[in-house]
Each structure stands twice: as structure tokens, then as C-alpha cells.
>>> print(open('data-v7.txt').read())   # compact mmCIF, N, CA and C atoms
# COMPACT_ATOMS: atom_id res chain seq x y z
N MET A 7 -150.02 94.64 -56.97
CA MET A 7 -149.48 95.86 -56.46
C MET A 7 -150.14 97.04 -57.16
N ASN A 8 -150.86 97.84 -56.42
CA ASN A 8 -151.46 99.02 -57.00
C ASN A 8 -150.71 100.28 -56.64
N GLU A 9 -149.93 100.23 -55.57
CA GLU A 9 -149.17 101.37 -55.11
C GLU A 9 -147.69 101.08 -55.30
N LYS A 10 -146.90 102.16 -55.24
CA LYS A 10 -145.46 101.98 -55.28
C LYS A 10 -145.04 101.20 -54.04
N PRO A 11 -144.12 100.26 -54.18
CA PRO A 11 -143.68 99.49 -53.01
C PRO A 11 -142.93 100.38 -52.02
N GLU A 12 -143.02 100.01 -50.76
CA GLU A 12 -142.28 100.74 -49.72
C GLU A 12 -140.79 100.49 -49.93
N LYS A 13 -140.02 101.56 -49.93
CA LYS A 13 -138.58 101.45 -50.16
C LYS A 13 -137.87 100.80 -48.98
N ILE A 14 -136.88 99.98 -49.32
CA ILE A 14 -136.02 99.36 -48.31
C ILE A 14 -134.66 100.04 -48.40
N VAL A 15 -134.20 100.53 -47.26
CA VAL A 15 -132.90 101.20 -47.22
C VAL A 15 -132.02 100.47 -46.22
N ARG A 16 -130.84 100.09 -46.68
CA ARG A 16 -129.87 99.41 -45.83
C ARG A 16 -128.50 100.03 -46.03
N SER A 17 -127.65 99.90 -45.05
CA SER A 17 -126.27 100.38 -45.20
C SER A 17 -125.51 99.40 -46.09
N GLU A 18 -124.39 99.85 -46.61
CA GLU A 18 -123.57 98.96 -47.43
C GLU A 18 -123.08 97.78 -46.61
N THR A 19 -122.82 97.97 -45.34
CA THR A 19 -122.40 96.87 -44.45
C THR A 19 -123.53 95.84 -44.35
N GLU A 20 -124.76 96.30 -44.19
CA GLU A 20 -125.90 95.37 -44.12
C GLU A 20 -126.05 94.61 -45.43
N TRP A 21 -125.92 95.32 -46.58
CA TRP A 21 -126.03 94.63 -47.87
C TRP A 21 -124.95 93.56 -48.01
N ARG A 22 -123.73 93.88 -47.62
CA ARG A 22 -122.62 92.92 -47.73
C ARG A 22 -122.86 91.69 -46.86
N THR A 23 -123.52 91.87 -45.73
CA THR A 23 -123.83 90.75 -44.85
C THR A 23 -124.94 89.88 -45.43
N LEU A 24 -125.92 90.50 -46.06
CA LEU A 24 -127.10 89.78 -46.57
C LEU A 24 -126.88 89.08 -47.91
N LEU A 25 -125.99 89.61 -48.73
CA LEU A 25 -125.82 89.11 -50.10
C LEU A 25 -124.52 88.34 -50.27
N THR A 26 -124.51 87.43 -51.25
CA THR A 26 -123.24 86.79 -51.62
C THR A 26 -122.38 87.85 -52.32
N GLN A 27 -121.12 87.56 -52.51
CA GLN A 27 -120.23 88.50 -53.18
C GLN A 27 -120.74 88.82 -54.59
N GLU A 28 -121.19 87.79 -55.32
CA GLU A 28 -121.69 88.02 -56.68
C GLU A 28 -122.99 88.84 -56.65
N GLN A 29 -123.89 88.52 -55.74
CA GLN A 29 -125.13 89.29 -55.65
C GLN A 29 -124.83 90.74 -55.32
N TYR A 30 -123.91 90.98 -54.40
CA TYR A 30 -123.54 92.35 -54.03
C TYR A 30 -122.97 93.08 -55.24
N GLN A 31 -122.09 92.43 -55.96
CA GLN A 31 -121.45 93.06 -57.12
C GLN A 31 -122.49 93.44 -58.17
N VAL A 32 -123.49 92.59 -58.40
CA VAL A 32 -124.52 92.88 -59.40
C VAL A 32 -125.54 93.88 -58.86
N LEU A 33 -126.15 93.57 -57.73
CA LEU A 33 -127.25 94.40 -57.20
C LEU A 33 -126.80 95.77 -56.71
N ARG A 34 -125.68 95.85 -56.02
CA ARG A 34 -125.29 97.12 -55.39
C ARG A 34 -124.24 97.89 -56.20
N GLU A 35 -123.43 97.18 -57.01
CA GLU A 35 -122.38 97.85 -57.77
C GLU A 35 -122.66 97.87 -59.26
N LYS A 36 -123.87 97.48 -59.65
CA LYS A 36 -124.31 97.49 -61.05
C LYS A 36 -123.44 96.63 -61.96
N GLY A 37 -123.03 95.48 -61.43
CA GLY A 37 -122.22 94.56 -62.20
C GLY A 37 -123.07 93.69 -63.12
N THR A 38 -122.40 92.84 -63.88
CA THR A 38 -123.07 91.92 -64.79
C THR A 38 -122.36 90.57 -64.72
N GLU A 39 -123.14 89.52 -64.56
CA GLU A 39 -122.54 88.19 -64.59
C GLU A 39 -122.19 87.84 -66.04
N ARG A 40 -121.25 86.93 -66.21
CA ARG A 40 -120.86 86.51 -67.56
C ARG A 40 -122.05 85.81 -68.23
N PRO A 41 -122.24 86.01 -69.54
CA PRO A 41 -123.37 85.36 -70.23
C PRO A 41 -123.29 83.84 -70.14
N PHE A 42 -124.44 83.22 -70.08
CA PHE A 42 -124.62 81.77 -70.05
C PHE A 42 -124.06 81.11 -68.78
N THR A 43 -123.80 81.89 -67.72
CA THR A 43 -123.29 81.32 -66.48
C THR A 43 -124.31 81.36 -65.35
N GLY A 44 -125.36 82.14 -65.47
CA GLY A 44 -126.33 82.31 -64.40
C GLY A 44 -127.17 81.07 -64.16
N ALA A 45 -127.45 80.80 -62.89
CA ALA A 45 -128.20 79.61 -62.50
C ALA A 45 -129.63 79.59 -63.05
N LEU A 46 -130.20 80.74 -63.35
CA LEU A 46 -131.61 80.78 -63.79
C LEU A 46 -131.78 80.98 -65.29
N THR A 47 -130.68 81.07 -66.02
CA THR A 47 -130.77 81.32 -67.46
C THR A 47 -131.58 80.23 -68.16
N GLN A 48 -131.34 78.98 -67.83
CA GLN A 48 -132.04 77.87 -68.48
C GLN A 48 -133.13 77.27 -67.60
N ASN A 49 -133.59 78.01 -66.62
CA ASN A 49 -134.68 77.53 -65.76
C ASN A 49 -136.00 77.61 -66.54
N HIS A 50 -136.68 76.46 -66.66
CA HIS A 50 -137.95 76.41 -67.39
C HIS A 50 -139.10 75.98 -66.49
N GLU A 51 -138.89 76.03 -65.18
CA GLU A 51 -139.93 75.63 -64.24
C GLU A 51 -140.95 76.76 -64.08
N THR A 52 -142.14 76.38 -63.61
CA THR A 52 -143.20 77.34 -63.37
C THR A 52 -143.06 77.92 -61.97
N GLY A 53 -143.08 79.24 -61.89
CA GLY A 53 -142.96 79.89 -60.59
C GLY A 53 -142.71 81.37 -60.73
N ASN A 54 -142.16 81.96 -59.67
CA ASN A 54 -141.96 83.40 -59.61
C ASN A 54 -140.50 83.75 -59.35
N TYR A 55 -140.09 84.86 -59.92
CA TYR A 55 -138.74 85.37 -59.76
C TYR A 55 -138.80 86.61 -58.86
N HIS A 56 -138.00 86.57 -57.79
CA HIS A 56 -138.00 87.63 -56.79
C HIS A 56 -136.64 88.32 -56.76
N CYS A 57 -136.61 89.52 -56.22
CA CYS A 57 -135.36 90.24 -56.04
C CYS A 57 -134.53 89.53 -54.98
N ALA A 58 -133.29 89.25 -55.29
CA ALA A 58 -132.40 88.59 -54.33
C ALA A 58 -132.02 89.52 -53.18
N GLY A 59 -132.24 90.80 -53.36
CA GLY A 59 -131.91 91.75 -52.31
C GLY A 59 -133.00 91.95 -51.28
N CYS A 60 -134.25 91.94 -51.74
CA CYS A 60 -135.34 92.27 -50.80
C CYS A 60 -136.54 91.33 -50.88
N GLY A 61 -136.55 90.40 -51.82
CA GLY A 61 -137.64 89.44 -51.93
C GLY A 61 -138.85 89.90 -52.70
N ALA A 62 -138.83 91.11 -53.25
CA ALA A 62 -139.98 91.62 -54.00
C ALA A 62 -140.23 90.76 -55.24
N LEU A 63 -141.50 90.51 -55.55
CA LEU A 63 -141.86 89.78 -56.76
C LEU A 63 -141.58 90.67 -57.97
N LEU A 64 -140.74 90.18 -58.88
CA LEU A 64 -140.35 90.96 -60.05
C LEU A 64 -140.89 90.41 -61.36
N PHE A 65 -140.76 89.10 -61.57
CA PHE A 65 -141.16 88.49 -62.84
C PHE A 65 -141.83 87.15 -62.58
N MET A 66 -142.66 86.72 -63.53
CA MET A 66 -143.32 85.41 -63.44
C MET A 66 -142.85 84.55 -64.61
N SER A 67 -142.84 83.25 -64.38
CA SER A 67 -142.30 82.34 -65.39
C SER A 67 -143.04 82.42 -66.73
N GLY A 68 -144.31 82.78 -66.72
CA GLY A 68 -145.07 82.89 -67.97
C GLY A 68 -144.57 83.99 -68.88
N ALA A 69 -143.81 84.93 -68.35
CA ALA A 69 -143.26 86.03 -69.14
C ALA A 69 -141.81 85.78 -69.56
N LYS A 70 -141.25 84.64 -69.15
CA LYS A 70 -139.86 84.31 -69.47
C LYS A 70 -139.79 83.66 -70.85
N PHE A 71 -138.76 83.99 -71.59
CA PHE A 71 -138.56 83.38 -72.91
C PHE A 71 -137.06 83.22 -73.16
N ASP A 72 -136.72 82.35 -74.09
CA ASP A 72 -135.31 82.09 -74.42
C ASP A 72 -134.90 83.04 -75.54
N SER A 73 -134.17 84.08 -75.16
CA SER A 73 -133.74 85.07 -76.15
C SER A 73 -132.40 84.69 -76.78
N GLY A 74 -131.69 83.74 -76.15
CA GLY A 74 -130.38 83.34 -76.65
C GLY A 74 -129.28 84.33 -76.28
N CYS A 75 -129.59 85.32 -75.43
CA CYS A 75 -128.61 86.36 -75.10
C CYS A 75 -127.65 85.95 -73.97
N GLY A 76 -127.99 84.89 -73.22
CA GLY A 76 -127.11 84.43 -72.16
C GLY A 76 -127.55 84.83 -70.76
N TRP A 77 -128.66 85.55 -70.66
CA TRP A 77 -129.22 85.94 -69.37
C TRP A 77 -130.71 85.63 -69.38
N PRO A 78 -131.31 85.43 -68.22
CA PRO A 78 -132.77 85.25 -68.20
C PRO A 78 -133.46 86.45 -68.85
N SER A 79 -134.43 86.18 -69.70
CA SER A 79 -135.14 87.24 -70.41
C SER A 79 -136.64 87.13 -70.17
N PHE A 80 -137.25 88.27 -69.96
CA PHE A 80 -138.68 88.35 -69.69
C PHE A 80 -139.30 89.41 -70.59
N MET A 81 -140.56 89.21 -70.98
CA MET A 81 -141.20 90.21 -71.83
C MET A 81 -141.93 91.29 -71.05
N LEU A 82 -142.15 91.07 -69.73
CA LEU A 82 -142.74 92.10 -68.89
C LEU A 82 -142.56 91.73 -67.43
N PRO A 83 -142.55 92.75 -66.55
CA PRO A 83 -142.45 92.48 -65.11
C PRO A 83 -143.77 91.96 -64.56
N ALA A 84 -143.74 91.42 -63.36
CA ALA A 84 -144.95 90.90 -62.70
C ALA A 84 -145.96 92.02 -62.48
N ASP A 85 -145.48 93.23 -62.26
CA ASP A 85 -146.32 94.40 -62.04
C ASP A 85 -145.54 95.60 -62.57
N SER A 86 -146.22 96.54 -63.17
CA SER A 86 -145.53 97.69 -63.74
C SER A 86 -144.76 98.50 -62.69
N LYS A 87 -145.16 98.39 -61.43
CA LYS A 87 -144.49 99.14 -60.36
C LYS A 87 -143.40 98.32 -59.66
N ALA A 88 -143.16 97.10 -60.11
CA ALA A 88 -142.16 96.25 -59.48
C ALA A 88 -140.74 96.66 -59.82
N VAL A 89 -140.57 97.24 -61.00
CA VAL A 89 -139.24 97.67 -61.45
C VAL A 89 -139.28 99.13 -61.86
N GLU A 90 -138.10 99.74 -61.84
CA GLU A 90 -137.95 101.11 -62.31
C GLU A 90 -136.93 101.11 -63.43
N GLU A 91 -137.07 102.04 -64.36
CA GLU A 91 -136.16 102.14 -65.49
C GLU A 91 -135.42 103.47 -65.45
N HIS A 92 -134.13 103.41 -65.80
CA HIS A 92 -133.26 104.59 -65.75
C HIS A 92 -132.38 104.62 -66.99
N GLU A 93 -132.11 105.79 -67.50
CA GLU A 93 -131.19 105.91 -68.62
C GLU A 93 -129.79 105.53 -68.16
N ASP A 94 -129.08 104.76 -68.97
CA ASP A 94 -127.73 104.28 -68.65
C ASP A 94 -126.82 104.59 -69.83
N LYS A 95 -125.86 105.47 -69.61
CA LYS A 95 -124.93 105.86 -70.68
C LYS A 95 -123.51 105.34 -70.44
N THR A 96 -123.39 104.30 -69.60
CA THR A 96 -122.05 103.77 -69.31
C THR A 96 -121.48 103.03 -70.52
N PHE A 97 -120.18 102.92 -70.55
CA PHE A 97 -119.44 102.19 -71.59
C PHE A 97 -119.72 102.73 -72.99
N GLY A 98 -120.07 104.01 -73.09
CA GLY A 98 -120.30 104.63 -74.39
C GLY A 98 -121.55 104.14 -75.09
N MET A 99 -122.44 103.48 -74.35
CA MET A 99 -123.68 102.98 -74.94
C MET A 99 -124.86 103.74 -74.34
N ARG A 100 -125.98 103.66 -75.00
CA ARG A 100 -127.22 104.23 -74.48
C ARG A 100 -128.19 103.09 -74.28
N ARG A 101 -128.45 102.77 -72.99
CA ARG A 101 -129.33 101.66 -72.65
C ARG A 101 -130.31 102.11 -71.58
N VAL A 102 -131.24 101.21 -71.25
CA VAL A 102 -132.19 101.47 -70.18
C VAL A 102 -131.95 100.45 -69.09
N GLU A 103 -131.47 100.94 -67.94
CA GLU A 103 -131.21 100.08 -66.79
C GLU A 103 -132.52 99.76 -66.09
N VAL A 104 -132.61 98.54 -65.54
CA VAL A 104 -133.78 98.12 -64.77
C VAL A 104 -133.32 97.87 -63.33
N THR A 105 -134.03 98.48 -62.37
CA THR A 105 -133.73 98.29 -60.96
C THR A 105 -134.98 97.84 -60.23
N CYS A 106 -134.79 97.21 -59.08
CA CYS A 106 -135.90 96.83 -58.22
C CYS A 106 -136.50 98.10 -57.63
N ALA A 107 -137.80 98.27 -57.74
CA ALA A 107 -138.46 99.47 -57.23
C ALA A 107 -138.42 99.53 -55.71
N ARG A 108 -138.27 98.39 -55.07
CA ARG A 108 -138.32 98.35 -53.60
C ARG A 108 -136.96 98.66 -52.96
N CYS A 109 -135.88 98.03 -53.46
CA CYS A 109 -134.58 98.22 -52.82
C CYS A 109 -133.56 98.94 -53.69
N GLY A 110 -133.91 99.22 -54.94
CA GLY A 110 -133.00 99.92 -55.83
C GLY A 110 -131.91 99.07 -56.42
N GLY A 111 -131.95 97.77 -56.18
CA GLY A 111 -130.92 96.87 -56.70
C GLY A 111 -130.91 96.81 -58.22
N HIS A 112 -129.70 96.80 -58.80
CA HIS A 112 -129.54 96.68 -60.26
C HIS A 112 -129.93 95.28 -60.69
N LEU A 113 -130.81 95.19 -61.68
CA LEU A 113 -131.26 93.89 -62.18
C LEU A 113 -130.67 93.57 -63.54
N GLY A 114 -130.60 94.55 -64.41
CA GLY A 114 -130.13 94.35 -65.78
C GLY A 114 -130.57 95.51 -66.63
N HIS A 115 -130.98 95.20 -67.88
CA HIS A 115 -131.41 96.24 -68.83
C HIS A 115 -132.63 95.75 -69.59
N VAL A 116 -133.37 96.69 -70.18
CA VAL A 116 -134.50 96.35 -71.03
C VAL A 116 -134.22 96.88 -72.43
N PHE A 117 -134.55 96.03 -73.42
CA PHE A 117 -134.30 96.35 -74.82
C PHE A 117 -135.59 96.21 -75.63
N PRO A 118 -135.72 96.96 -76.73
CA PRO A 118 -136.94 96.91 -77.54
C PRO A 118 -136.92 95.83 -78.62
N ASP A 119 -136.32 94.66 -78.33
CA ASP A 119 -136.21 93.61 -79.35
C ASP A 119 -136.81 92.28 -78.88
N GLY A 120 -137.80 92.35 -77.99
CA GLY A 120 -138.43 91.14 -77.47
C GLY A 120 -139.62 90.71 -78.29
N PRO A 121 -140.24 89.61 -77.90
CA PRO A 121 -141.39 89.09 -78.63
C PRO A 121 -142.66 89.91 -78.36
N GLN A 122 -143.63 89.73 -79.20
CA GLN A 122 -144.94 90.35 -78.98
C GLN A 122 -145.65 89.59 -77.88
N PRO A 123 -146.51 90.15 -77.11
CA PRO A 123 -147.19 91.41 -77.41
C PRO A 123 -146.46 92.66 -76.91
N THR A 124 -145.41 92.55 -76.10
CA THR A 124 -144.78 93.76 -75.56
C THR A 124 -143.66 94.29 -76.44
N GLY A 125 -142.97 93.40 -77.14
CA GLY A 125 -141.81 93.81 -77.93
C GLY A 125 -140.60 94.14 -77.07
N LEU A 126 -140.67 93.82 -75.77
CA LEU A 126 -139.58 94.14 -74.85
C LEU A 126 -138.83 92.89 -74.42
N ARG A 127 -137.54 93.09 -74.10
CA ARG A 127 -136.71 92.03 -73.55
C ARG A 127 -136.03 92.56 -72.30
N TYR A 128 -136.54 92.15 -71.15
CA TYR A 128 -135.91 92.47 -69.89
C TYR A 128 -134.80 91.45 -69.69
N CYS A 129 -133.58 91.89 -69.88
CA CYS A 129 -132.39 91.04 -69.80
C CYS A 129 -131.84 91.18 -68.37
N ILE A 130 -132.04 90.14 -67.55
CA ILE A 130 -131.85 90.24 -66.11
C ILE A 130 -130.77 89.26 -65.62
N ASN A 131 -129.92 89.73 -64.75
CA ASN A 131 -128.87 88.89 -64.17
C ASN A 131 -129.49 87.84 -63.23
N SER A 132 -129.09 86.59 -63.37
CA SER A 132 -129.53 85.54 -62.44
C SER A 132 -129.17 85.87 -61.00
N ALA A 133 -127.99 86.49 -60.80
CA ALA A 133 -127.53 86.81 -59.45
C ALA A 133 -128.44 87.80 -58.75
N SER A 134 -129.23 88.54 -59.49
CA SER A 134 -130.14 89.51 -58.87
C SER A 134 -131.49 88.90 -58.54
N LEU A 135 -131.67 87.63 -58.86
CA LEU A 135 -132.97 86.97 -58.67
C LEU A 135 -132.90 85.74 -57.76
N THR A 136 -134.02 85.44 -57.15
CA THR A 136 -134.24 84.12 -56.56
C THR A 136 -135.50 83.58 -57.21
N PHE A 137 -135.64 82.26 -57.22
CA PHE A 137 -136.79 81.64 -57.88
C PHE A 137 -137.58 80.81 -56.87
N THR A 138 -138.88 80.96 -56.92
CA THR A 138 -139.78 80.16 -56.08
C THR A 138 -140.66 79.32 -57.01
N ARG A 139 -140.48 78.01 -56.93
CA ARG A 139 -141.25 77.08 -57.77
C ARG A 139 -142.71 77.09 -57.35
N LYS A 140 -143.60 77.09 -58.34
CA LYS A 140 -145.04 77.02 -58.05
C LYS A 140 -145.37 75.62 -57.56
N LYS A 141 -146.12 75.58 -56.48
CA LYS A 141 -146.51 74.27 -55.92
C LYS A 141 -147.60 73.66 -56.78
N PRO A 142 -147.54 72.32 -57.00
CA PRO A 142 -148.53 71.65 -57.87
C PRO A 142 -149.94 71.70 -57.29
>>> encode(input="data-v7.txt", output="C-alpha cells")
Amino acid sequence: MNEKPEKIVRSETEWRTLLTQEQYQVLREKGTERPFTGALTQNHETGNYHCAGCGALLFMSGAKFDSGCGWPSFMLPADSKAVEEHEDKTFGMRRVEVTCARCGGHLGHVFPDGPQPTGLRYCINSASLTFTRKKP
């Protein structure tokens, strides 16, 4: 991706039809799944992680690592334009929210405590992702 992705705009009714209740709560209402409950937290297969809302490629398995935080963690997105970052001051904290650049869906947060070479930890909800296994 060299350009910003084309934005996808849907009504809340369309989102509710397309997403499961949990996906809607996370992606559209900025919710968070309980730690260690997400289907992709312990996924160690080779492949790609896509936005559950619009299918955009967000992360690749080579950037995934076990941070022990209870959510899938990545050291960098598949492309710098795949995600957008926003200041988040909810719950009396100061964090950086990560959203899908294509559909605006809430993915999780990014923290400066990840492994090198990036030093970043993209802490992402499983409910906001789908996984496509790499074919052998």
C-alpha cells in the first residue's frame, strides 16, 4: 500500500448486520474483549491478520509476539498506512488508540514497551481481526 486506503462508510444498521455482537461492540463502540479470551491471542500459525469490519490487511504473523498481556500483540502493522493512531484519554488514562485506516474500526492500543527493532506493542482485540492462514 503506497496510498491511503479508500474509506469505507456504512450505516450503524449495516455494521450491525455485518458484524457479530462482540465485533460490533469492539470495532464500532470502542469496546475491549476480556484478556486471554480472544480466539487469536494464542494463534501461532503463519498468515495474515485482517480487519473484521472491512477485510483490510492490518498485521502479518511475522510481527506477532507473545507479550503476556492477554491480547494479540504485534510490533508493527503490515503497512504504515493500514492503521491510524489517535490520542485516547478515556478512563483517566493517556493512551494511543489504533483504528483501521479503511473503515475506522477500533482495534486496540499501541504502547512503547514492545520488542526491538520497533519498541512498540500493538495490543489488538481478537474480535477486531480475522486470520487467513498462509498456504504451504
>>> closest_residue(input="data-v7.txt", among="A:Arg108, A:Pro41, A:Glu28, A:Gln48", to="Cys75 of chain A", atoms="all atoms listed in the file")
A:Pro41
>>> closest_atom_pairs(input="data-v7.txt", of="segment 94-136 of chain A", to="segment 55-69 of chain A", cutoff="7 Å", atoms="all atoms listed in the file", output="Markdown table")
| residue | atom | partner | partner_atom | distance |
| --- | --- | --- | --- | --- |
| A:Cys106 | CA | A:Cys57 | CA | 7.0 |
| A:Arg108 | C | A:Cys60 | CA | 6.9 |
| A:Cys109 | CA | A:Cys60 | CA | 6.3 |
| A:Gly111 | CA | A:Gly59 | CA | 6.8 |
| A:Ala133 | C | A:Ala58 | CA | 6.0 |
| A:Ser134 | C | A:Ala58 | N | 3.7 |
| A:Leu135 | CA | A:Ala58 | N | 4.1 |
| A:Thr136 | N | A:His56 | C | 3.9 |
>>> select_by_dssp(input="data-v7.txt", residues="segment 16-142 of chain A", states="strand (DSSP E or B)", output="ChimeraX atom specification")
/A:53-57,63-66,70-71,79-80,89-94,101-106,112-117,127-130,135-139
>>> atom_distance(input="data-v7.txt", atom1="atom C of Ala84 of chain A", atom2="atom C of Lys10 of chain A")
12.5 Å
>>> residues_around(input="data-v7.txt", residues="Lys70 of chain A", least_positions_apart="5", cutoff="10 Å", atoms="only C-alpha atoms", output="PyMOL selection string")
chain A and resi 47+49-50+52+55+65+78-83+127-128
>>> select_by_dssp(input="data-v7.txt", residues="segment 18-110 of chain A", states="helix (DSSP H, G or I)", output="list in words")
Glu18, Thr19, Glu20, Trp21, Arg22, Thr23, Leu24, Gln27, Glu28, Gln29, Tyr30, Gln31, Val32, Leu33, Ser67, Gly68, Ala69, Thr96, Phe97 and Gly98 of chain A
>>> residues_around(input="data-v7.txt", residues="Gly76 of chain A", least_positions_apart="4", cutoff="8 Å", atoms="only N, CA and C atoms", output="ChimeraX atom specification")
/A:39-44,46-48,72,129-132
>>> atom_distance(input="data-v7.txt", atom1="atom CA of Val104 of chain A", atom2="atom CA of Glu91 of chain A")
4.7 Å
>>> atom_distance(input="data-v7.txt", atom1="atom C of Arg139 of chain A", atom2="atom C of Asn54 of chain A")
7.3 Å
>>> axis_aligned_box(input="data-v7.txt", around="segment 86-104 of chain A", padding_each_side="6 Å", output="JSON")
{"center_x": -132.8, "center_y": 101.1, "center_z": -67.3, "size_x": 38.8, "size_y": 21.7, "size_z": 27.6}
>>> decode(input="data-v7.txt", residues="segment 107-135 of chain A", atoms="N, CA and C atoms", output="PDB file, in the first residue's frame")
ATOM      1  N   ALA A 107      -7.464   2.062   9.158  1.00  0.00           N
ATOM      2  CA  ALA A 107      -7.447   3.254   8.314  1.00  0.00           C
ATOM      3  C   ALA A 107      -8.554   3.220   7.265  1.00  0.00           C
ATOM      4  N   ARG A 108      -9.034   2.038   6.942  1.00  0.00           N
ATOM      5  CA  ARG A 108     -10.038   1.909   5.879  1.00  0.00           C
ATOM      6  C   ARG A 108     -11.464   2.123   6.383  1.00  0.00           C
ATOM      7  N   CYS A 109     -11.831   1.494   7.517  1.00  0.00           N
ATOM      8  CA  CYS A 109     -13.216   1.597   7.984  1.00  0.00           C
ATOM      9  C   CYS A 109     -13.361   2.329   9.311  1.00  0.00           C
ATOM     10  N   GLY A 110     -12.248   2.696   9.931  1.00  0.00           N
ATOM     11  CA  GLY A 110     -12.310   3.423  11.190  1.00  0.00           C
ATOM     12  C   GLY A 110     -12.598   2.570  12.400  1.00  0.00           C
ATOM     13  N   GLY A 111     -12.649   1.256  12.227  1.00  0.00           N
ATOM     14  CA  GLY A 111     -12.945   0.359  13.343  1.00  0.00           C
ATOM     15  C   GLY A 111     -11.867   0.397  14.420  1.00  0.00           C
ATOM     16  N   HIS A 112     -12.305   0.378  15.684  1.00  0.00           N
ATOM     17  CA  HIS A 112     -11.381   0.344  16.826  1.00  0.00           C
ATOM     18  C   HIS A 112     -10.703  -1.019  16.872  1.00  0.00           C
ATOM     19  N   LEU A 113      -9.381  -1.014  16.951  1.00  0.00           N
ATOM     20  CA  LEU A 113      -8.617  -2.259  17.004  1.00  0.00           C
ATOM     21  C   LEU A 113      -8.048  -2.517  18.393  1.00  0.00           C
ATOM     22  N   GLY A 114      -7.550  -1.487  19.039  1.00  0.00           N
ATOM     23  CA  GLY A 114      -6.901  -1.623  20.334  1.00  0.00           C
ATOM     24  C   GLY A 114      -6.059  -0.394  20.598  1.00  0.00           C
ATOM     25  N   HIS A 115      -4.870  -0.609  21.189  1.00  0.00           N
ATOM     26  CA  HIS A 115      -3.969   0.495  21.531  1.00  0.00           C
ATOM     27  C   HIS A 115      -2.534   0.104  21.214  1.00  0.00           C
ATOM     28  N   VAL A 116      -1.666   1.097  21.088  1.00  0.00           N
ATOM     29  CA  VAL A 116      -0.245   0.854  20.882  1.00  0.00           C
ATOM     30  C   VAL A 116       0.517   1.458  22.060  1.00  0.00           C
ATOM     31  N   PHE A 117       1.503   0.689  22.539  1.00  0.00           N
ATOM     32  CA  PHE A 117       2.301   1.087  23.698  1.00  0.00           C
ATOM     33  C   PHE A 117       3.785   1.034  23.353  1.00  0.00           C
ATOM     34  N   PRO A 118       4.601   1.855  24.022  1.00  0.00           N
ATOM     35  CA  PRO A 118       6.043   1.901  23.721  1.00  0.00           C
ATOM     36  C   PRO A 118       6.862   0.891  24.522  1.00  0.00           C
ATOM     37  N   ASP A 119       6.320  -0.314  24.762  1.00  0.00           N
ATOM     38  CA  ASP A 119       7.039  -1.305  25.573  1.00  0.00           C
ATOM     39  C   ASP A 119       7.213  -2.637  24.841  1.00  0.00           C
ATOM     40  N   GLY A 120       7.277  -2.589  23.517  1.00  0.00           N
ATOM     41  CA  GLY A 120       7.432  -3.803  22.723  1.00  0.00           C
ATOM     42  C   GLY A 120       8.886  -4.136  22.463  1.00  0.00           C
ATOM     43  N   PRO A 121       9.115  -5.235  21.762  1.00  0.00           N
ATOM     44  CA  PRO A 121      10.483  -5.672  21.472  1.00  0.00           C
ATOM     45  C   PRO A 121      11.124  -4.829  20.359  1.00  0.00           C
ATOM     46  N   GLN A 122      12.411  -4.922  20.269  1.00  0.00           N
ATOM     47  CA  GLN A 122      13.137  -4.268  19.175  1.00  0.00           C
ATOM     48  C   GLN A 122      12.908  -5.070  17.910  1.00  0.00           C
ATOM     49  N   PRO A 123      12.924  -4.522  16.744  1.00  0.00           N
ATOM     50  CA  PRO A 123      13.528  -3.225  16.452  1.00  0.00           C
ATOM     51  C   PRO A 123      12.582  -2.040  16.596  1.00  0.00           C
ATOM     52  N   THR A 124      11.274  -2.234  16.767  1.00  0.00           N
ATOM     53  CA  THR A 124      10.367  -1.084  16.813  1.00  0.00           C
ATOM     54  C   THR A 124      10.166  -0.541  18.223  1.00  0.00           C
ATOM     55  N   GLY A 125      10.234  -1.411  19.226  1.00  0.00           N
ATOM     56  CA  GLY A 125       9.952  -0.993  20.590  1.00  0.00           C
ATOM     57  C   GLY A 125       8.469  -0.757  20.843  1.00  0.00           C
ATOM     58  N   LEU A 126       7.620  -1.159  19.889  1.00  0.00           N
ATOM     59  CA  LEU A 126       6.186  -0.929  20.008  1.00  0.00           C
ATOM     60  C   LEU A 126       5.434  -2.229  20.263  1.00  0.00           C
ATOM     61  N   ARG A 127       4.293  -2.097  20.944  1.00  0.00           N
ATOM     62  CA  ARG A 127       3.391  -3.224  21.167  1.00  0.00           C
ATOM     63  C   ARG A 127       1.990  -2.792  20.764  1.00  0.00           C
ATOM     64  N   TYR A 128       1.563  -3.260  19.596  1.00  0.00           N
ATOM     65  CA  TYR A 128       0.202  -3.032  19.152  1.00  0.00           C
ATOM     66  C   TYR A 128      -0.644  -4.102  19.821  1.00  0.00           C
ATOM     67  N   CYS A 129      -1.405  -3.701  20.814  1.00  0.00           N
ATOM     68  CA  CYS A 129      -2.236  -4.592  21.620  1.00  0.00           C
ATOM     69  C   CYS A 129      -3.638  -4.561  20.998  1.00  0.00           C
ATOM     70  N   ILE A 130      -4.009  -5.644  20.297  1.00  0.00           N
ATOM     71  CA  ILE A 130      -5.172  -5.639  19.415  1.00  0.00           C
ATOM     72  C   ILE A 130      -6.202  -6.682  19.861  1.00  0.00           C
ATOM     73  N   ASN A 131      -7.456  -6.300  19.845  1.00  0.00           N
ATOM     74  CA  ASN A 131      -8.545  -7.216  20.192  1.00  0.00           C
ATOM     75  C   ASN A 131      -8.703  -8.292  19.114  1.00  0.00           C
ATOM     76  N   SER A 132      -8.802  -9.550  19.518  1.00  0.00           N
ATOM     77  CA  SER A 132      -9.073 -10.640  18.567  1.00  0.00           C
ATOM     78  C   SER A 132     -10.367 -10.406  17.810  1.00  0.00           C
ATOM     79  N   ALA A 133     -11.379  -9.847  18.496  1.00  0.00           N
ATOM     80  CA  ALA A 133     -12.687  -9.629  17.868  1.00  0.00           C
ATOM     81  C   ALA A 133     -12.611  -8.649  16.707  1.00  0.00           C
ATOM     82  N   SER A 134     -11.578  -7.840  16.651  1.00  0.00           N
ATOM     83  CA  SER A 134     -11.447  -6.875  15.560  1.00  0.00           C
ATOM     84  C   SER A 134     -10.690  -7.453  14.368  1.00  0.00           C
ATOM     85  N   LEU A 135     -10.247  -8.696  14.490  1.00  0.00           N
ATOM     86  CA  LEU A 135      -9.419  -9.319  13.448  1.00  0.00           C
ATOM     87  C   LEU A 135     -10.030 -10.606  12.884  1.00  0.00           C
TER      88      LEU A 135
END
